[in-house]
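Please read the structure below before turning to the comments.
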Amino acid sequence: YFTIRNTVLIVLGVTVTMALILTGLTTWVGRSANRSLSKARDELERKVEERTAEVAEKEAHLRLAMDTMTDGIFMLDGDMQYVLFNNRYRELVEIPGDIIQIGAKVSDVIKAHAARGDYGKGNTDGLVRKQRLGLLSDQVVDSELSINADKRIISLRKAPIEGGGAVVVLTDVTERKRQENALKKSEQQVRHILEDSPVAVAISLDDGSDEDGT
């Protein structure tokens with residue numbers, strides 16, 4: 001009897017001891033794991049904050065560069081919606097209201113241009129379709145836009161983006177166009193004067209020869 005009792009007590013003692021050891025080990029492992037998880041979480045949060053700060057800084061630099069450009073610029077995604085644009089773009093096209101904004105469809109802006117006559121005379125739907133096809137094209141496209149009845153003339157260059165979308169750069173060429181037109185008008189006036197003159201007129205070139213090369 002005493003032998004059996006001692007054996008049972010020993011087994012119980014060993015069992016309790018093992019249970020206590022396992023409990024302590026489990027607690028230690030759990031605490032260690034929690035510390036590791038907490039450390040990993042803190043490290044991840046720190047990296048996310050650093051990355052977020054870097055992205056914000058780069059976006060600020062990009063915005064500053066875009067807003068100090070003399071040219072206008074805008075980017076469209078594959079659905080022909082605005083991804084980004086600078087203030088100069090808005091200034092050049094003079095589209096009222098909040099039509100131009102991130103996520104807006106460029107087709108609405110094209111319709112506003114067509115309604116104002118910026119694309120010239122013609123069927124509005126046809127003009128809008130032509131402009132959309134130009135933006136959807138996978139080729140570089142150069143064109144001109146007359147703002148508010150030639151108040152401003154804009155040169156546009158559209159470049160496609162791989163995967164869909166486009167980047168468009170707008171340059172104000174109003175003064176250059178006016179100078180070209182003035183020069184052309186002056187040349188026409190001189191030509192008319194020469195053609196209508198009853199007296200033969202010879203034009204001397206810089207090398208001393210006449211216009212006919214003699």
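Every chain in the structure tokens has a letter given in the order shown (A, B, ...), and although residue numbers restart at 1 in each chain, ligands are simply numbered from 1 in the order shown.
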
- [ ] Write out as number ranges by chain each polymer residue whose atoms come within 10 Å of Asp125 in chain A, counting only C-alpha atoms; drop sequence neighbours fewer than 5 positions from it.
- [x] A: 111, 114-115, 130

Those selected residues, please, written with N, CA and C atoms and delivered as an mmCIF file, in the first residue's frame.
```
data_model
loop_
_atom_site.group_PDB
_atom_site.id
_atom_site.type_symbol
_atom_site.label_atom_id
_atom_site.label_comp_id
_atom_site.auth_asym_id
_atom_site.auth_seq_id
_atom_site.Cartn_x
_atom_site.Cartn_y
_atom_site.Cartn_z
ATOM 1 N N LYS A 111 -15.825 68.955 -74.740
ATOM 2 C CA LYS A 111 -17.150 69.471 -75.099
ATOM 3 C C LYS A 111 -17.234 70.967 -74.813
ATOM 4 N N ALA A 114 -15.392 72.728 -77.567
ATOM 5 C CA ALA A 114 -16.157 72.687 -78.816
ATOM 6 C C ALA A 114 -17.335 73.655 -78.777
ATOM 7 N N ALA A 115 -18.022 73.716 -77.641
ATOM 8 C CA ALA A 115 -19.172 74.611 -77.499
ATOM 9 C C ALA A 115 -18.748 76.076 -77.609
ATOM 10 N N LYS A 130 -13.287 63.733 -82.843
ATOM 11 C CA LYS A 130 -11.959 63.889 -83.446
ATOM 12 C C LYS A 130 -10.894 64.131 -82.379
#
```

Open item on the list: Report, in Å with one decimal, the straight-line distance from CA of Gln101 in chain A to CA of Asp71 in chain A.
Closed with: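 Interatomic distance here is 18.0 Å.
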
Task: For Ile161 in chain A, the nearest of the candidates A:Gln139, A:Ser32, A:Thr15, A:Asn87, counting only C-alpha atoms - done: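 Checking each candidate against Ile161 in chain A, we get A:Gln139 as the closest.
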
TODO: Grab the CA of Gly165 in chain A to CA of Gln81 in chain A distance for me, in Å with one decimal place.
DONE: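 So the two atoms, CA of Gly165 in chain A and CA of Gln81 in chain A, lie 8.4 Å apart.
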
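Using only C-alpha atoms, the protein and nucleic acid residues lying no more than 8 Å from Ile102 in chain A, apart from those fewer than 5 places from it along its own chain, are Gln81, Tyr82, Val83 and Leu84 of chain A.
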
Hey, what's within 12 Å of Glu91 in chain A if we count only C-alpha atoms and toss same-chain stuff fewer than 6 positions away? As a CSV table (one decimal) with N, CA and C atoms, in the first residue's frame, please?
```
chain,number,residue,atom,x,y,z
A,67,ASP,N,4.0,73.7,-61.1
A,67,ASP,CA,3.3,75.0,-61.0
A,67,ASP,C,4.2,76.2,-61.3
A,69,MET,N,6.2,75.9,-64.1
A,69,MET,CA,6.4,75.8,-65.5
A,69,MET,C,5.7,76.9,-66.3
A,70,THR,N,6.3,77.3,-67.4
A,70,THR,CA,5.6,78.3,-68.2
A,70,THR,C,4.6,77.6,-69.2
A,71,ASP,N,4.8,76.3,-69.3
A,71,ASP,CA,3.9,75.5,-70.1
A,71,ASP,C,2.8,74.9,-69.3
A,72,GLY,N,1.7,74.6,-69.8
A,72,GLY,CA,0.7,73.8,-69.2
A,72,GLY,C,0.9,72.3,-69.4
A,73,ILE,N,0.5,71.5,-68.5
A,73,ILE,CA,0.6,70.1,-68.7
A,73,ILE,C,-0.5,69.3,-68.0
A,85,PHE,N,-2.5,67.6,-63.3
A,85,PHE,CA,-2.4,68.8,-64.1
A,85,PHE,C,-1.8,69.9,-63.3
A,100,ILE,N,-12.3,70.9,-64.8
A,100,ILE,CA,-11.0,70.3,-64.7
A,100,ILE,C,-10.6,69.9,-63.3
A,147,ILE,N,-8.2,79.8,-78.4
A,147,ILE,CA,-9.0,80.0,-77.2
A,147,ILE,C,-9.8,81.3,-77.3
A,152,ARG,N,-6.2,83.7,-77.5
A,152,ARG,CA,-4.9,83.0,-77.2
A,152,ARG,C,-4.8,81.7,-78.1
A,154,ILE,N,-2.9,78.2,-78.6
A,154,ILE,CA,-2.1,77.2,-77.8
A,154,ILE,C,-1.6,76.1,-78.8
A,170,LEU,N,1.1,72.0,-73.2
A,170,LEU,CA,0.5,73.1,-73.9
A,170,LEU,C,1.4,74.3,-73.8
A,171,THR,N,1.7,75.0,-74.9
A,171,THR,CA,2.5,76.1,-75.0
A,171,THR,C,1.8,77.3,-75.6
A,172,ASP,N,1.9,78.4,-75.0
A,172,ASP,CA,1.2,79.6,-75.5
A,172,ASP,C,2.1,80.2,-76.7
```

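Closest to Gly134 in chain A among A:Lys151, A:Asp118, A:Val48, A:Pro160 is A:Pro160, based on only C-alpha atoms.
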
- [ ] Compile the contact shell of Gly117 in chain A as number ranges by chain: residues with an atom at most 10 Å away, counting only C-alpha atoms, same-chain residues fewer than 2 positions apart removed.
- [x] A: 111-115, 119-122, 124, 127, 145-150

TODO: Using only C-alpha atoms, pick whichever of A:Leu183, A:Ala159, A:Val109, A:Leu22 has the shortest atom-to-atom distance to Arg90 in chain A.
DONE: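 Looking only at the distances to Arg90 in chain A, the closest residue turns out to be A:Val109.
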